[in-house]
file model.cif (mmCIF, C-alpha atoms and all ligand atoms)
data_run
#
loop_
_atom_site.label_atom_id
_atom_site.label_comp_id
_atom_site.auth_asym_id
_atom_site.auth_seq_id
_atom_site.Cartn_x
_atom_site.Cartn_y
_atom_site.Cartn_z
CA MET A 279 0.00 0.00 0.00
CA PHE A 280 2.69 2.49 1.10
CA LYS A 281 4.80 1.65 -1.94
CA LYS A 282 1.82 2.30 -4.16
CA ILE A 283 1.25 5.75 -2.66
CA LEU A 284 4.92 6.57 -3.05
CA LYS A 285 4.84 5.48 -6.65
CA TRP A 286 1.82 7.70 -7.37
CA THR A 287 3.30 10.69 -5.55
CA CYS A 288 6.47 10.40 -7.64
CA LEU A 289 4.43 10.11 -10.79
CA VAL A 290 2.34 13.18 -9.97
CA LEU A 291 5.36 15.27 -8.92
CA GLY A 292 7.30 14.13 -11.98
CA SER A 293 4.46 15.15 -14.29
CA LEU A 294 4.19 18.53 -12.58
CA VAL A 295 7.90 19.19 -13.11
CA LEU A 296 7.58 18.08 -16.71
CA LEU A 297 4.55 20.33 -17.24
CA GLY A 298 6.45 23.25 -15.68
CA LEU A 299 9.39 22.66 -18.00
CA LEU A 300 7.15 22.35 -21.04
CA PHE A 301 5.42 25.61 -20.09
CA TYR A 302 8.79 27.33 -19.63
CA PHE A 303 9.99 26.20 -23.07
CA TYR A 304 6.73 27.32 -24.63
CA ALA A 305 6.85 30.75 -22.91
CA SER A 306 10.49 31.41 -23.80
CA PHE A 307 9.86 30.29 -27.37
CA THR A 308 6.97 32.74 -27.87
CA VAL A 309 8.89 35.59 -26.21
CA ALA A 310 11.90 34.86 -28.48
CA GLN A 311 9.59 35.00 -31.51
CA ARG A 312 8.25 38.38 -30.41
CA MET A 313 11.83 39.65 -29.94
CA GLU A 314 12.80 38.49 -33.44
CA ARG A 315 9.84 40.06 -35.20
CA LYS A 316 10.89 42.77 -37.68
CA TYR A 317 8.99 46.04 -37.83
CA SER A 318 9.07 48.65 -40.51
CA PHE A 319 7.90 52.24 -40.24
CA ALA A 320 8.12 55.02 -42.83
CA PRO A 321 11.21 57.07 -41.92
CA GLU A 322 10.28 60.30 -40.19
CA ASN A 323 12.44 63.35 -39.91
CA ILE A 324 12.17 66.23 -37.54
CA GLU A 325 14.09 69.44 -37.74
CA ILE A 326 17.06 69.56 -35.41
CA THR A 327 18.77 72.88 -34.82
CA GLN A 328 21.92 73.36 -32.79
CA ASP A 329 21.08 76.49 -30.83
CA SER A 330 22.18 76.53 -27.20
CA ALA A 331 18.65 76.96 -25.79
CA LEU A 332 17.60 73.70 -27.45
CA LEU A 333 20.75 71.88 -26.30
CA ASN A 334 20.24 73.04 -22.70
CA LYS A 335 16.65 71.88 -22.80
CA GLY A 336 17.84 68.52 -24.17
CA ALA A 337 20.34 68.16 -21.32
CA HIS A 338 17.56 68.83 -18.77
CA LEU A 339 15.18 66.37 -20.46
CA ALA A 340 17.86 63.67 -20.62
CA VAL A 341 18.00 63.82 -16.83
CA ILE A 342 14.31 64.17 -15.93
CA LYS A 343 13.22 61.55 -18.48
CA GLY A 344 15.61 59.02 -16.94
CA CYS A 345 17.90 58.66 -20.00
CA THR A 346 20.93 59.24 -17.75
CA ASP A 347 19.60 56.78 -15.12
CA CYS A 348 19.54 53.89 -17.57
CA HIS A 349 22.20 54.92 -20.11
CA GLY A 350 24.65 56.31 -17.51
CA THR A 351 25.48 59.93 -16.67
CA ASN A 352 27.62 60.27 -19.82
CA LEU A 353 24.97 58.30 -21.82
CA ALA A 354 27.65 55.80 -22.87
CA GLY A 355 25.49 52.82 -21.81
CA LYS A 356 25.97 50.27 -19.08
CA VAL A 357 25.13 46.80 -17.84
CA MET A 358 21.99 47.73 -15.91
CA MET A 359 21.45 44.35 -14.35
CA ASN A 360 23.24 41.04 -14.30
CA ASP A 361 21.82 38.16 -12.33
CA LYS A 362 20.92 34.51 -12.94
CA ALA A 363 17.15 34.88 -12.66
CA LEU A 364 16.61 38.14 -14.55
CA GLY A 365 19.59 37.84 -16.88
CA ARG A 366 21.92 40.48 -18.25
CA LEU A 367 20.33 43.71 -19.36
CA VAL A 368 22.41 46.26 -21.23
CA SER A 369 21.54 49.81 -22.33
CA SER A 370 23.08 51.22 -25.51
CA ASN A 371 26.06 53.54 -25.71
CA LEU A 372 24.32 56.59 -27.22
CA THR A 373 27.57 58.35 -28.13
CA LYS A 374 29.55 57.88 -31.34
CA GLY A 375 32.52 56.34 -29.53
CA GLU A 376 33.64 52.72 -29.77
CA GLY A 377 30.68 50.42 -29.02
CA GLY A 378 28.33 53.37 -29.57
CA LEU A 379 25.86 54.28 -32.30
CA PRO A 380 27.11 53.71 -35.87
CA ALA A 381 28.36 56.73 -37.85
CA ASN A 382 25.30 56.54 -40.13
CA TYR A 383 22.82 56.72 -37.22
CA SER A 384 20.57 59.45 -38.58
CA THR A 385 17.89 61.70 -37.11
CA SER A 386 15.22 59.38 -38.51
CA ASP A 387 16.90 56.46 -36.69
CA TRP A 388 16.61 58.50 -33.48
CA VAL A 389 12.95 59.23 -34.17
CA ARG A 390 12.27 55.55 -34.94
CA ALA A 391 13.81 54.51 -31.61
CA LEU A 392 11.99 57.14 -29.53
CA ARG A 393 8.65 56.99 -31.35
CA HIS A 394 8.35 53.32 -32.26
CA GLY A 395 10.75 51.38 -30.01
CA VAL A 396 12.70 49.65 -32.77
CA GLY A 397 16.36 49.82 -33.76
CA GLN A 398 18.04 50.58 -37.08
CA ASP A 399 17.65 46.87 -37.96
CA GLY A 400 13.87 46.94 -37.39
CA LEU A 401 14.12 44.70 -34.31
CA PRO A 402 12.39 45.69 -31.04
CA LEU A 403 14.49 47.63 -28.53
CA LEU A 404 14.45 45.72 -25.25
CA PHE A 405 13.45 47.58 -22.06
CA MET A 406 13.79 50.95 -23.72
CA PRO A 407 10.64 52.85 -22.52
CA SER A 408 9.62 54.05 -25.99
CA HIS A 409 5.96 53.75 -24.98
CA GLU A 410 6.76 56.84 -22.86
CA THR A 411 9.14 58.68 -25.20
CA THR A 412 6.60 58.26 -28.03
CA LEU A 413 4.42 60.75 -26.14
CA LEU A 414 7.08 63.49 -26.17
CA SER A 415 6.25 66.63 -28.10
CA GLU A 416 8.15 67.13 -31.34
CA GLN A 417 9.96 70.06 -29.77
CA ASP A 418 11.11 68.06 -26.73
CA MET A 419 12.14 65.14 -28.92
CA ALA A 420 14.16 67.51 -31.12
CA ALA A 421 15.88 68.89 -28.00
CA ILE A 422 16.83 65.42 -26.71
CA ILE A 423 18.09 64.30 -30.12
CA ALA A 424 20.10 67.50 -30.63
CA TYR A 425 21.68 67.05 -27.21
CA CYS A 426 22.50 63.38 -27.78
CA GLN A 427 23.92 64.01 -31.27
CA ASN A 428 26.34 66.46 -29.67
CA LEU A 429 27.62 64.11 -26.98
CA ALA A 430 31.35 63.69 -26.72
CA PRO A 431 32.25 60.21 -28.07
CA VAL A 432 32.92 57.73 -25.26
CA ASN A 433 34.61 54.41 -26.02
CA ASN A 434 32.54 51.85 -24.15
CA PRO A 435 31.99 48.53 -25.92
CA LEU A 436 29.31 46.53 -24.08
CA PRO A 437 28.12 42.93 -24.10
CA VAL A 438 24.68 42.17 -25.57
CA SER A 439 21.63 41.63 -23.39
CA ASP A 440 20.90 38.03 -22.43
CA LEU A 441 17.52 37.54 -20.78
CA GLY A 442 17.11 35.21 -17.82
CA PRO A 443 14.19 32.81 -17.19
CA VAL A 444 12.31 35.13 -14.80
CA THR A 445 12.39 37.98 -17.33
CA LYS A 446 11.05 35.69 -20.06
CA VAL A 447 8.21 34.33 -17.93
CA MET A 448 7.30 37.82 -16.64
CA THR A 449 7.27 39.11 -20.20
CA TYR A 450 5.05 36.20 -21.20
CA PHE A 451 2.56 37.28 -18.49
CA ASP A 452 2.96 40.92 -19.50
CA LYS A 453 4.45 41.82 -16.10
CA MET A 454 7.57 43.46 -17.48
CA PRO A 455 7.91 46.26 -20.06
CA LEU A 456 10.34 44.36 -22.30
CA LEU A 457 8.84 45.11 -25.71
CA SER A 458 7.59 48.69 -25.75
CA VAL A 459 7.03 48.41 -29.52
CA GLU A 460 3.97 46.26 -28.76
CA LYS A 461 2.46 48.87 -26.43
CA ILE A 462 2.65 51.87 -28.76
CA ASP A 463 -0.12 53.29 -30.90
CA HIS A 464 2.12 53.73 -33.95
CA THR A 465 -0.43 55.77 -35.88
CA LYS A 466 -0.71 58.49 -33.23
CA PRO A 467 0.77 61.71 -34.62
CA MET A 468 3.35 63.65 -32.64
CA VAL A 469 2.14 66.71 -30.74
CA ALA A 470 4.07 69.70 -32.09
CA ASN A 471 4.60 71.46 -28.78
CA VAL A 472 3.37 71.35 -25.19
CA GLU A 473 3.36 74.76 -23.61
CA ASN A 474 5.70 75.16 -20.71
CA VAL A 475 3.04 76.85 -18.56
CA GLU A 476 2.46 75.87 -14.94
CA GLY A 477 -0.74 73.90 -14.50
CA ALA A 478 -2.40 70.49 -14.56
CA ALA A 479 -2.15 70.12 -18.36
CA PHE A 480 1.63 70.51 -18.33
CA GLY A 481 1.70 68.25 -15.25
CA LYS A 482 -0.19 65.50 -17.06
CA TYR A 483 2.32 65.63 -19.91
CA LEU A 484 5.27 65.40 -17.48
CA ALA A 485 3.65 62.68 -15.36
CA VAL A 486 3.97 60.20 -18.24
CA SER A 487 7.38 59.53 -16.65
CA CYS A 488 5.66 58.44 -13.42
CA THR A 489 3.13 56.11 -15.07
CA GLY A 490 5.63 53.29 -15.66
CA CYS A 491 5.51 52.58 -11.90
CA HIS A 492 2.51 54.51 -10.53
CA HIS A 493 0.27 53.25 -13.41
CA ALA A 494 -1.58 55.27 -16.04
CA ASN A 495 -4.12 56.55 -13.47
CA LEU A 496 -1.33 57.26 -10.90
CA GLN A 497 -3.20 55.09 -8.40
CA GLY A 498 -0.28 52.75 -7.89
CA GLY A 499 -0.62 49.04 -7.23
CA ASP A 500 1.54 45.94 -7.26
CA PRO A 501 5.34 46.24 -7.00
CA VAL A 502 7.12 46.86 -10.33
CA ALA A 503 9.10 43.62 -9.89
CA PRO A 504 9.43 40.93 -7.22
CA GLY A 505 11.35 42.28 -4.22
CA PHE A 506 10.19 45.90 -4.61
CA PRO A 507 7.63 47.67 -2.36
CA PRO A 508 4.05 48.24 -3.57
CA VAL A 509 3.63 51.48 -5.52
CA PRO A 510 1.57 54.16 -3.71
CA ASN A 511 -1.41 56.07 -5.02
CA ILE A 512 -0.19 59.63 -5.77
CA THR A 513 -3.56 61.15 -6.68
CA ARG A 514 -5.71 63.30 -4.40
CA SER A 515 -7.10 60.11 -2.77
CA GLY A 516 -3.58 59.12 -1.57
CA HIS A 517 -1.25 60.86 0.89
CA VAL A 518 -0.53 63.54 -1.72
CA GLY A 519 -4.13 64.76 -1.27
CA ASN A 520 -3.15 66.02 2.21
CA TRP A 521 0.11 67.64 1.15
CA THR A 522 0.80 71.26 0.29
CA ILE A 523 2.63 72.07 -2.91
CA ALA A 524 5.76 72.82 -0.84
CA GLN A 525 5.57 69.41 0.87
CA PHE A 526 5.19 67.68 -2.49
CA ILE A 527 8.24 69.46 -3.90
CA GLN A 528 10.21 68.76 -0.72
CA THR A 529 9.35 65.03 -0.95
CA LEU A 530 10.43 64.73 -4.57
CA ARG A 531 13.68 66.60 -3.84
CA THR A 532 14.72 64.86 -0.61
CA GLY A 533 12.99 61.46 -0.66
CA LYS A 534 11.39 62.16 2.75
CA THR A 535 7.60 62.35 2.93
CA PRO A 536 5.58 64.55 5.36
CA GLU A 537 4.51 61.30 7.08
CA GLY A 538 8.19 60.68 7.82
CA LYS A 539 8.72 57.88 5.32
CA VAL A 540 12.18 57.70 3.75
CA LEU A 541 12.01 56.68 0.09
CA SER A 542 14.94 54.70 -1.21
CA ASN A 543 16.19 55.98 -4.57
CA ASP A 544 16.31 52.35 -5.76
CA ASN A 545 12.52 52.08 -5.40
CA MET A 546 11.37 55.64 -6.06
CA PRO A 547 13.90 57.55 -8.21
CA TRP A 548 13.79 60.81 -6.21
CA LYS A 549 17.33 61.78 -7.25
CA MET A 550 15.83 62.05 -10.72
CA THR A 551 12.66 63.87 -9.60
CA ALA A 552 14.92 66.26 -7.63
CA GLN A 553 16.17 67.59 -10.98
CA TYR A 554 12.76 68.82 -12.12
CA THR A 555 12.27 72.60 -11.94
CA ASP A 556 9.86 74.11 -9.38
CA LYS A 557 7.46 74.88 -12.20
CA GLU A 558 7.53 71.28 -13.41
CA LEU A 559 6.98 69.81 -9.94
CA ALA A 560 4.21 72.32 -9.17
CA SER A 561 2.50 71.29 -12.42
CA ILE A 562 2.76 67.57 -11.57
CA TYR A 563 1.31 68.39 -8.12
CA GLU A 564 -1.62 70.20 -9.68
CA TYR A 565 -2.25 67.28 -12.00
CA CYS A 566 -2.09 64.74 -9.12
CA GLN A 567 -4.55 66.89 -7.13
CA SER A 568 -6.92 67.03 -10.10
CA ILE A 569 -7.42 63.25 -10.29
CA GLN A 570 -8.30 60.49 -7.82
C1 LIG B 1 14.42 52.07 -18.21
C2 LIG B 1 15.71 52.30 -18.80
C3 LIG B 1 15.83 53.23 -19.98
C4 LIG B 1 15.47 54.55 -20.05
C5 LIG B 1 14.77 55.40 -19.00
C6 LIG B 1 15.90 55.01 -21.37
N1 LIG B 1 16.47 53.99 -22.08
FE1 LIG B 1 17.13 54.08 -23.99
N2 LIG B 1 17.50 52.10 -23.97
C7 LIG B 1 17.44 51.29 -22.85
C8 LIG B 1 17.93 49.97 -23.18
C9 LIG B 1 18.03 48.79 -22.23
C10 LIG B 1 18.29 50.01 -24.54
C11 LIG B 1 18.91 48.87 -25.36
C12 LIG B 1 17.83 48.22 -26.17
C13 LIG B 1 18.34 47.02 -26.92
O1 LIG B 1 19.54 46.81 -26.99
O2 LIG B 1 17.49 46.29 -27.45
C14 LIG B 1 18.00 51.36 -25.01
C15 LIG B 1 18.17 51.79 -26.31
C16 LIG B 1 18.05 53.10 -26.72
C17 LIG B 1 18.26 53.57 -28.07
C18 LIG B 1 18.57 52.69 -29.29
C19 LIG B 1 20.03 52.68 -29.57
C20 LIG B 1 20.44 51.54 -30.44
O3 LIG B 1 21.37 50.84 -30.03
O4 LIG B 1 19.81 51.30 -31.46
C21 LIG B 1 18.11 54.93 -28.06
C22 LIG B 1 18.26 55.87 -29.24
C23 LIG B 1 17.80 55.31 -26.71
N3 LIG B 1 17.76 54.18 -25.92
C24 LIG B 1 17.64 56.60 -26.28
C25 LIG B 1 17.12 56.95 -25.02
C26 LIG B 1 16.78 58.30 -24.63
C27 LIG B 1 17.01 59.55 -25.45
C28 LIG B 1 16.23 58.21 -23.39
C29 LIG B 1 15.61 59.32 -22.54
C30 LIG B 1 14.49 60.02 -23.15
C31 LIG B 1 16.25 56.80 -23.00
N4 LIG B 1 16.82 56.08 -24.01
C32 LIG B 1 15.75 56.32 -21.80
C33 LIG B 1 16.97 51.64 -21.60
C34 LIG B 1 16.46 52.89 -21.26
C1 LIG B 2 10.78 53.31 -10.97
C2 LIG B 2 9.45 53.43 -10.43
C3 LIG B 2 8.93 54.80 -10.06
C4 LIG B 2 8.91 55.95 -10.83
C5 LIG B 2 9.40 56.15 -12.26
C6 LIG B 2 8.27 56.95 -10.03
N1 LIG B 2 7.95 56.44 -8.80
FE1 LIG B 2 7.16 57.45 -7.20
N2 LIG B 2 7.34 55.80 -6.05
C7 LIG B 2 7.72 54.56 -6.47
C8 LIG B 2 7.67 53.62 -5.35
C9 LIG B 2 7.99 52.13 -5.42
C10 LIG B 2 7.27 54.36 -4.23
C11 LIG B 2 7.13 53.83 -2.81
C12 LIG B 2 8.50 53.68 -2.23
C13 LIG B 2 8.50 53.08 -0.87
O1 LIG B 2 7.45 52.63 -0.38
O2 LIG B 2 9.59 53.04 -0.26
C14 LIG B 2 7.07 55.74 -4.70
C15 LIG B 2 6.68 56.80 -3.88
C16 LIG B 2 6.30 58.04 -4.35
C17 LIG B 2 5.75 59.10 -3.52
C18 LIG B 2 5.44 59.00 -2.04
C19 LIG B 2 3.98 58.67 -1.89
C20 LIG B 2 3.52 58.43 -0.47
O3 LIG B 2 2.31 58.25 -0.31
O4 LIG B 2 4.36 58.38 0.44
C21 LIG B 2 5.49 60.15 -4.36
C22 LIG B 2 4.87 61.49 -3.99
C23 LIG B 2 5.92 59.76 -5.68
N3 LIG B 2 6.40 58.48 -5.64
C24 LIG B 2 5.80 60.58 -6.80
C25 LIG B 2 6.32 60.25 -8.05
C26 LIG B 2 6.26 61.14 -9.20
C27 LIG B 2 5.62 62.50 -9.21
C28 LIG B 2 6.90 60.48 -10.22
C29 LIG B 2 7.15 61.00 -11.63
C30 LIG B 2 7.76 62.29 -11.78
C31 LIG B 2 7.34 59.20 -9.70
N4 LIG B 2 6.95 59.08 -8.40
C32 LIG B 2 8.04 58.25 -10.44
C33 LIG B 2 8.11 54.22 -7.75
C34 LIG B 2 8.33 55.12 -8.79
#
call {"tool": "encode", "arguments": {"input": "model.cif", "output": "structure tokens", "more": "lines below"}}
Ligand code: HEC
Ligand code: HEC
result
Amino acid sequence: MFKKILKWTCLVLGSLVLLGLLFYFYASFTVAQRMERKYSFAPENIEITQDSALLNKGAHLAVIKGCTDCHGTNLAGKVMMNDKALGRLVSSNLTKGEGGLPANYSTSDWVRALRHGVGQDGLPLLFMPSHETTLLSEQDMAAIIAYCQNLAPVNNPLPVSDLGPVTKVMTYFDKMPLLSVEKIDHTKPMVANVENVEGAAFGKYLAVSCTGCHHANLQGGDPVAPGFPPVPNITRSGHVGNWTIAQFIQTLRTGKTPEGKVLSNDNMPWKMTAQYTDKELASIYEYCQSIQ
């Protein structure tokens, strides 16, 4: 009798392991197919001037849009993550140095990357948040591109990305923003300009950079990845609803909330939000207060 039970337990466990493995192979196969799909978009050009006002704006945007967080302070790329479960994730060297963008990387290649999330070869860019950069105004995009095209070349050859099993399975369940190309409405035309005027409308435009973690409605939710804290609601119905504009700005500059919570920069990138201007933070505050 006992032997029989043991035999059945082994059989059941064995089949479960086998099913798990089969599922894993299936999931990683479909994710690989999505990564190998080629996309083609009509080349788009925007006018890039080299005046210093535009370049300064581009430098500011490169910081507040997180380009320097992921691509490194000199934008020469880096290994962002390297572990067994998640794999190796590498951001591109955006300069024209060794290991950087090819000499023929044109303005329309820049626009394709930022608007559509695909590279010069038509393959999806991995983990590049193009579903956010696609919402940039033409003027802001021009500023970022102008700034990046003027970067001093940095020699920094990098290894290629190599995704781990957890990343593949999370992508399969749509729990990780690996393939932004799939999330973009590619027919949506670019907005020419968003007026730099304090208020909720400007705040909504800027808050696109918060939606990746705080969700489209800014109501927060599950952690962005296993091991991270849950993401708080930052609309009027969350703590922010009780804060003054000065307290909001103070929180996003110092990482300390009026309730006394200390935000780690690894979870909530306050060193990045600290770089926003007063006008930008006040606008985001007004937008947060206008929704719940
Ligand atoms: C969350 C991290 C992250 C942020 C934020 C980010 N990038 Fe990226 N970006 C990446 C990664 C990773 C890649 C490499 C994609 C690949 O190799 O498939 C990449 C690729 C690119 C490419 C394509 C280059 C090539 O090799 O074809 C461009 C252009 C680019 N990023 C520009 C920007 C700019 C400009 C910003 C700021 C507006 C920005 N990125 C913000 C992670 C990021
Ligand atoms: C990379 C993910 C990420 C991004 C991007 C991000 N946040 Fe957060 N934010 C978090 C997490 C996670 C927490 C909670 C941290 C904790 O509990 O330690 C948080 C906390 C906060 C808090 C404190 C809320 C409270 O109730 O204590 C505010 C305010 C906030 N974020 C505003 C913003 C704004 C505004 C932006 C965009 C400009 C932004 N965040 C972008 C992940 C993010």
call {"tool": "atom_distance", "arguments": {"input": "model.cif", "atom1": "atom N1 of ligand LIG 2 (chain B)", "atom2": "CA of Asn545 in chain A"}}
result
7.2 Å
call {"tool": "closest_residue", "arguments": {"input": "model.cif", "among": "A:Glu564, A:Asp440, A:Asp556, A:Glu476", "to": "Asp361 in chain A", "atoms": "only C-alpha atoms"}}
result
A:Asp440
call {"tool": "residues_near_ligand", "arguments": {"input": "model.cif", "ligand": "ligand LIG 1 (chain B)", "cutoff": "7 Å", "atoms": "all atoms listed in the file", "output": "ChimeraX atom specification"}}
result
/A:339-340,343-345,347-349,367-372,379,388,391-392,397-398,402-407,411,422-423,439
call {"tool": "atom_distance", "arguments": {"input": "model.cif", "atom1": "CA of Arg390 in chain A", "atom2": "CA of Glu325 in chain A"}}
result
14.3 Å
call {"tool": "closest_residue", "arguments": {"input": "model.cif", "among": "A:Val341, A:Ala305, A:Met468, A:Cys288", "to": "ligand LIG 2 (chain B)", "atoms": "all atoms listed in the file"}}
result
A:Val341
call {"tool": "closest_atom_pairs", "arguments": {"input": "model.cif", "of": "chain A", "to": "ligand LIG 2 (chain B)", "cutoff": "9 Å", "atoms": "all atoms listed in the file", "output": "tab-separated table"}}
result
residue	atom	partner	partner_atom	distance
A:Ile342	CA	B:LIG2	C30	8.0
A:Lys343	CA	B:LIG2	C30	8.7
A:Gly344	CA	B:LIG2	C5	8.3
A:Leu484	CA	B:LIG2	C30	7.0
A:Ala485	CA	B:LIG2	C29	5.4
A:Val486	CA	B:LIG2	C29	7.4
A:Ser487	CA	B:LIG2	C29	5.2
A:Cys488	CA	B:LIG2	C29	3.5
A:Thr489	CA	B:LIG2	C5	6.9
A:Gly490	CA	B:LIG2	C5	5.8
A:Cys491	CA	B:LIG2	C2	4.3
A:His492	CA	B:LIG2	N1	6.0
A:Leu496	CA	B:LIG2	C26	8.7
A:Gly498	CA	B:LIG2	C7	8.3
A:Pro501	CA	B:LIG2	C9	6.6
A:Val502	CA	B:LIG2	C2	7.0
A:Phe506	CA	B:LIG2	C9	6.7
A:Pro507	CA	B:LIG2	O1	5.3
A:Pro508	CA	B:LIG2	C9	5.8
A:Val509	CA	B:LIG2	C9	4.4
A:Pro510	CA	B:LIG2	O3	5.4
A:Asn511	CA	B:LIG2	O3	6.4
A:Ile512	CA	B:LIG2	C22	5.7
A:Thr513	CA	B:LIG2	C22	8.9
A:Gly516	CA	B:LIG2	O3	6.1
A:His517	CA	B:LIG2	O3	4.6
A:Val518	CA	B:LIG2	O3	6.2
A:Phe526	CA	B:LIG2	C22	6.4
A:Ile527	CA	B:LIG2	C22	8.7
A:Thr529	CA	B:LIG2	C22	6.5
A:Leu530	CA	B:LIG2	C22	6.5
A:Gly533	CA	B:LIG2	C18	8.1
A:Lys534	CA	B:LIG2	C18	8.3
A:Thr535	CA	B:LIG2	O4	5.7
A:Pro536	CA	B:LIG2	O4	8.0
A:Glu537	CA	B:LIG2	O4	7.3
A:Gly538	CA	B:LIG2	O4	8.6
A:Lys539	CA	B:LIG2	O4	6.6
A:Val540	CA	B:LIG2	O2	6.7
A:Leu541	CA	B:LIG2	O2	4.4
A:Ser542	CA	B:LIG2	O2	5.7
A:Asn543	CA	B:LIG2	C12	8.4
A:Asp544	CA	B:LIG2	C1	7.7
A:Asn545	CA	B:LIG2	C9	4.5
A:Met546	CA	B:LIG2	C7	3.8
A:Pro547	CA	B:LIG2	C4	5.9
A:Trp548	CA	B:LIG2	N4	7.4
A:Met550	CA	B:LIG2	C30	8.1
A:Thr551	CA	B:LIG2	C30	5.6
A:Tyr554	CA	B:LIG2	C30	8.2
A:Leu559	CA	B:LIG2	C27	7.5
A:Ile562	CA	B:LIG2	C27	6.3
A:Tyr563	CA	B:LIG2	C27	7.4
A:Cys566	CA	B:LIG2	C27	8.0
call {"tool": "write_last_selection", "arguments": {"input": "model.cif", "atoms": "C-alpha atoms", "output": "CSV table (one decimal), keeping the file's coordinate frame"}}
result
chain,number,residue,atom,x,y,z
A,342,ILE,CA,14.3,64.2,-15.9
A,343,LYS,CA,13.2,61.6,-18.5
A,344,GLY,CA,15.6,59.0,-16.9
A,484,LEU,CA,5.3,65.4,-17.5
A,485,ALA,CA,3.6,62.7,-15.4
A,486,VAL,CA,4.0,60.2,-18.2
A,487,SER,CA,7.4,59.5,-16.6
A,488,CYS,CA,5.7,58.4,-13.4
A,489,THR,CA,3.1,56.1,-15.1
A,490,GLY,CA,5.6,53.3,-15.7
A,491,CYS,CA,5.5,52.6,-11.9
A,492,HIS,CA,2.5,54.5,-10.5
A,496,LEU,CA,-1.3,57.3,-10.9
A,498,GLY,CA,-0.3,52.8,-7.9
A,501,PRO,CA,5.3,46.2,-7.0
A,502,VAL,CA,7.1,46.9,-10.3
A,506,PHE,CA,10.2,45.9,-4.6
A,507,PRO,CA,7.6,47.7,-2.4
A,508,PRO,CA,4.0,48.2,-3.6
A,509,VAL,CA,3.6,51.5,-5.5
A,510,PRO,CA,1.6,54.2,-3.7
A,511,ASN,CA,-1.4,56.1,-5.0
A,512,ILE,CA,-0.2,59.6,-5.8
A,513,THR,CA,-3.6,61.2,-6.7
A,516,GLY,CA,-3.6,59.1,-1.6
A,517,HIS,CA,-1.2,60.9,0.9
A,518,VAL,CA,-0.5,63.5,-1.7
A,526,PHE,CA,5.2,67.7,-2.5
A,527,ILE,CA,8.2,69.5,-3.9
A,529,THR,CA,9.4,65.0,-1.0
A,530,LEU,CA,10.4,64.7,-4.6
A,533,GLY,CA,13.0,61.5,-0.7
A,534,LYS,CA,11.4,62.2,2.8
A,535,THR,CA,7.6,62.4,2.9
A,536,PRO,CA,5.6,64.6,5.4
A,537,GLU,CA,4.5,61.3,7.1
A,538,GLY,CA,8.2,60.7,7.8
A,539,LYS,CA,8.7,57.9,5.3
A,540,VAL,CA,12.2,57.7,3.8
A,541,LEU,CA,12.0,56.7,0.1
A,542,SER,CA,14.9,54.7,-1.2
A,543,ASN,CA,16.2,56.0,-4.6
A,544,ASP,CA,16.3,52.4,-5.8
A,545,ASN,CA,12.5,52.1,-5.4
A,546,MET,CA,11.4,55.6,-6.1
A,547,PRO,CA,13.9,57.6,-8.2
A,548,TRP,CA,13.8,60.8,-6.2
A,550,MET,CA,15.8,62.0,-10.7
A,551,THR,CA,12.7,63.9,-9.6
A,554,TYR,CA,12.8,68.8,-12.1
A,559,LEU,CA,7.0,69.8,-9.9
A,562,ILE,CA,2.8,67.6,-11.6
A,563,TYR,CA,1.3,68.4,-8.1
A,566,CYS,CA,-2.1,64.7,-9.1
call {"tool": "closest_residue", "arguments": {"input": "model.cif", "among": "A:Met454, A:Val444, A:Leu284, A:Met419", "to": "Ile324 in chain A", "atoms": "all atoms listed in the file"}}
result
A:Met419
call {"tool": "residues_around", "arguments": {"input": "model.cif", "residues": "Thr373 in chain A", "least_positions_apart": "2", "cutoff": "10 Å", "atoms": "all atoms listed in the file", "output": "ChimeraX atom specification"}}
result
/A:352-355,370-371,375-381,426-434
call {"tool": "write_last_selection", "arguments": {"input": "model.cif", "atoms": "C-alpha atoms", "output": "PDB file, in the coordinates of the input"}}
result
ATOM      1  CA  ASN A 352      27.620  60.270 -19.820  1.00  0.00           C
ATOM      2  CA  LEU A 353      24.970  58.300 -21.820  1.00  0.00           C
ATOM      3  CA  ALA A 354      27.650  55.800 -22.870  1.00  0.00           C
ATOM      4  CA  GLY A 355      25.490  52.820 -21.810  1.00  0.00           C
ATOM      5  CA  SER A 370      23.080  51.220 -25.510  1.00  0.00           C
ATOM      6  CA  ASN A 371      26.060  53.540 -25.710  1.00  0.00           C
ATOM      7  CA  GLY A 375      32.520  56.340 -29.530  1.00  0.00           C
ATOM      8  CA  GLU A 376      33.640  52.720 -29.770  1.00  0.00           C
ATOM      9  CA  GLY A 377      30.680  50.420 -29.020  1.00  0.00           C
ATOM     10  CA  GLY A 378      28.330  53.370 -29.570  1.00  0.00           C
ATOM     11  CA  LEU A 379      25.860  54.280 -32.300  1.00  0.00           C
ATOM     12  CA  PRO A 380      27.110  53.710 -35.870  1.00  0.00           C
ATOM     13  CA  ALA A 381      28.360  56.730 -37.850  1.00  0.00           C
ATOM     14  CA  CYS A 426      22.500  63.380 -27.780  1.00  0.00           C
ATOM     15  CA  GLN A 427      23.920  64.010 -31.270  1.00  0.00           C
ATOM     16  CA  ASN A 428      26.340  66.460 -29.670  1.00  0.00           C
ATOM     17  CA  LEU A 429      27.620  64.110 -26.980  1.00  0.00           C
ATOM     18  CA  ALA A 430      31.350  63.690 -26.720  1.00  0.00           C
ATOM     19  CA  PRO A 431      32.250  60.210 -28.070  1.00  0.00           C
ATOM     20  CA  VAL A 432      32.920  57.730 -25.260  1.00  0.00           C
ATOM     21  CA  ASN A 433      34.610  54.410 -26.020  1.00  0.00           C
ATOM     22  CA  ASN A 434      32.540  51.850 -24.150  1.00  0.00           C
TER      23      ASN A 434
END
